Amino acid sequence: MSMGRRKRLVMIAHDNRKRDLLDWARFNRETLFRHELYATGTTGGLLHEELGLEVRRFLSGPVGGDQQVGAGIAEERLDIVFFFWDPLEPQPHDVDVKALLRIAVVHNCPIACNRATADFLISSPLLHAAYQPVIPTYNEERGSHVV
C-alpha cells in the first residue's frame with residue numbers, strides 16, 4: 001500500500017458530532033479541497049451543501065456506510081479517516097463502529113476520532129507527501145510482526 005500526495009480522506013460524524021465536524025471542515029476547507037473526499041450519508045450531504053466540497057458518498061453509517069468504509073480501508077482504496085464519533089451516546093450500529101475502528105488499526109490506517117487528533121493529522125507535513133505506511137502482518141502462531 002502506498003499513499004500518493006493527494007490523499008483519499010473519509011469524513012464520518014455521529015449525529016451529535018456533525019456540527020463539530022462541519023466547523024472543523026470549514027476551518028480546514030482549503031486543505032480538504034486539495035484531496036479526494038469521501039463521507040458517509042448525511043455527513044457527505046452536509047459537507048457538500050454547506051461547504052461546497054465535492055464528496056463521494058457512502059451509505060449512512062447505520063445502514064452499511066461504516067462497513068463500506070472498512071472495506072475501502074481493507075482494499076487500500078481509502079487513506080485517512082476523520083471519524084467524529086460520540087462515545088457517550090449508544091449507537092444502534094455500535095458493532096459496525098467497533099469493526100471500523102478495528103479494521104483501521106489492523107491496516108495501520110490513520111484515524112482521528114476527535115477534533116484534536118484531526119487537527120494533528122490535517123496539519124502533518126505527511127498529508128501532502130507520498131507516504132509508504134508500514135503494514136503489520138498477523139500470524140496466529142507468532143503474533144504480529146512488521147513487513
# chains A, B, ... in the order shown; residues from 1 in each chain; ligands from 1

$ residues_around --residues "segment 117-119 of chain A" --least-positions-apart "5" --cutoff "12 Å" --atoms "only C-alpha atoms" --output "PyMOL selection string"
chain A and resi 9-12+20-21+24-25+27-28+31-32+80-84+110-112+124+127

$ residues_around --residues "Arg102 of chain A" --least-positions-apart "6" --cutoff "10 Å" --atoms "only C-alpha atoms" --output "ChimeraX atom specification"
/A:70,96,108

$ write_last_selection --atoms "N, CA and C atoms" --output "PDB file, in the first residue's frame"
ATOM      1  N   GLY A  70     -14.902   0.503   5.982  1.00  0.00           N
ATOM      2  CA  GLY A  70     -13.987  -0.567   6.395  1.00  0.00           C
ATOM      3  C   GLY A  70     -13.480  -1.361   5.211  1.00  0.00           C
ATOM      4  N   ASP A  96     -20.764  -2.114  14.182  1.00  0.00           N
ATOM      5  CA  ASP A  96     -20.148  -1.643  12.938  1.00  0.00           C
ATOM      6  C   ASP A  96     -19.060  -0.604  13.224  1.00  0.00           C
ATOM      7  N   ASN A 108      -3.289  -0.318   9.752  1.00  0.00           N
ATOM      8  CA  ASN A 108      -2.431   0.824  10.047  1.00  0.00           C
ATOM      9  C   ASN A 108      -2.900   2.089   9.327  1.00  0.00           C
TER      10      ASN A 108
END

$ closest_residue --among "A:Arg19, A:Arg115, A:Arg26, A:His14" --to "Thr40 of chain A" --atoms "only C-alpha atoms"
A:His14

$ residues_around --residues "segment 48-58 of chain A" --least-positions-apart "2" --cutoff "9 Å" --atoms "only C-alpha atoms" --output "PyMOL selection string"
chain A and resi 22+25-26+29+32-33+36-46+60-61+64-66+68-69

$ atom_distance --atom1 "atom CA of Lys18 of chain A" --atom2 "atom CA of Arg77 of chain A"
24.0 Å

$ atom_distance --atom1 "atom CA of Leu78 of chain A" --atom2 "atom CA of Arg8 of chain A"
5.1 Å

$ atom_distance --atom1 "atom CA of Ala71 of chain A" --atom2 "atom CA of Leu100 of chain A"
8.8 Å

$ residues_around --residues "Gln132 of chain A" --least-positions-apart "2" --cutoff "10 Å" --atoms "only C-alpha atoms" --output "PyMOL selection string"
chain A and resi 1-4+129-130+134-135

$ write_last_selection --atoms "C-alpha atoms" --output "PDB file, in the first residue's frame"
ATOM      1  CA  MET A   1       0.000   0.000   0.000  1.00  0.00           C
ATOM      2  CA  SER A   2       1.276   3.426  -0.890  1.00  0.00           C
ATOM      3  CA  MET A   3      -0.377   6.795  -0.388  1.00  0.00           C
ATOM      4  CA  GLY A   4       0.104   9.388  -3.077  1.00  0.00           C
ATOM      5  CA  ALA A 129       3.620  13.993   0.595  1.00  0.00           C
ATOM      6  CA  ALA A 130       3.752  10.487  -0.784  1.00  0.00           C
ATOM      7  CA  VAL A 134       4.360   0.058   7.419  1.00  0.00           C
ATOM      8  CA  ILE A 135       1.678  -2.616   7.403  1.00  0.00           C
TER       9      ILE A 135
END

$ closest_residue --among "A:Asn16, A:His107, A:Leu126, A:Tyr131" --to "Gly72 of chain A" --atoms "only C-alpha atoms"
A:His107

$ closest_residue --among "A:Asn139, A:Gln91, A:Asn114, A:Ser123" --to "Pro62 of chain A" --atoms "only C-alpha atoms"
A:Gln91

$ select_by_dssp --residues "chain A" --states "helix (DSSP H, G or I)" --output "ChimeraX atom specification"
/A:15-27,29-33,41-51,61-63,65-74,94-106,115-122,125-128

$ select_by_dssp --residues "chain A" --states "strand (DSSP E)" --output "PyMOL selection string"
chain A and resi 8-13+36-39+55-57+80-84+111-112+136-139+143-146

$ decode --residues "segment 1-15 of chain A" --atoms "N, CA, C and O atoms" --output "short mmCIF file (atom, residue, chain, number, x, y, z; two decimals), in the first residue's frame"
data_model
loop_
_atom_site.label_atom_id
_atom_site.label_comp_id
_atom_site.auth_asym_id
_atom_site.auth_seq_id
_atom_site.Cartn_x
_atom_site.Cartn_y
_atom_site.Cartn_z
N MET A 1 0.84 -1.18 0.00
CA MET A 1 0.00 0.00 0.00
C MET A 1 0.88 1.24 0.00
O MET A 1 1.84 1.33 0.74
N SER A 2 0.55 2.17 -0.83
CA SER A 2 1.28 3.43 -0.89
C SER A 2 0.27 4.56 -1.03
O SER A 2 -0.69 4.45 -1.79
N MET A 3 0.49 5.62 -0.29
CA MET A 3 -0.38 6.80 -0.39
C MET A 3 0.30 7.83 -1.27
O MET A 3 1.46 8.17 -1.04
N GLY A 4 -0.43 8.33 -2.24
CA GLY A 4 0.10 9.39 -3.08
C GLY A 4 0.06 10.73 -2.36
O GLY A 4 -0.34 10.82 -1.21
N ARG A 5 0.46 11.77 -3.06
CA ARG A 5 0.43 13.12 -2.47
C ARG A 5 -1.01 13.58 -2.21
O ARG A 5 -1.26 14.30 -1.28
N ARG A 6 -1.91 13.18 -3.08
CA ARG A 6 -3.33 13.52 -2.91
C ARG A 6 -3.99 12.34 -2.20
O ARG A 6 -4.10 11.25 -2.75
N LYS A 7 -4.41 12.57 -0.97
CA LYS A 7 -4.95 11.50 -0.14
C LYS A 7 -6.45 11.33 -0.36
O LYS A 7 -7.16 12.24 -0.79
N ARG A 8 -6.91 10.12 -0.05
CA ARG A 8 -8.34 9.80 -0.10
C ARG A 8 -8.83 9.82 1.34
O ARG A 8 -8.57 8.91 2.12
N LEU A 9 -9.51 10.93 1.68
CA LEU A 9 -9.94 11.20 3.05
C LEU A 9 -11.41 10.86 3.25
O LEU A 9 -12.24 11.18 2.41
N VAL A 10 -11.70 10.23 4.38
CA VAL A 10 -13.08 9.86 4.71
C VAL A 10 -13.54 10.69 5.90
O VAL A 10 -12.82 10.82 6.89
N MET A 11 -14.76 11.21 5.80
CA MET A 11 -15.35 12.00 6.88
C MET A 11 -16.61 11.29 7.37
O MET A 11 -17.50 10.98 6.57
N ILE A 12 -16.64 11.07 8.68
CA ILE A 12 -17.79 10.42 9.32
C ILE A 12 -18.10 11.19 10.59
O ILE A 12 -17.17 11.59 11.30
N ALA A 13 -19.38 11.37 10.90
CA ALA A 13 -19.74 12.02 12.17
C ALA A 13 -21.08 11.48 12.65
O ALA A 13 -22.03 11.40 11.87
N HIS A 14 -21.11 11.11 13.90
CA HIS A 14 -22.39 10.76 14.51
C HIS A 14 -23.24 12.02 14.64
O HIS A 14 -22.72 13.14 14.59
N ASP A 15 -24.54 11.84 14.79
CA ASP A 15 -25.47 12.97 14.80
C ASP A 15 -25.05 14.10 15.75
O ASP A 15 -25.08 15.26 15.37
#
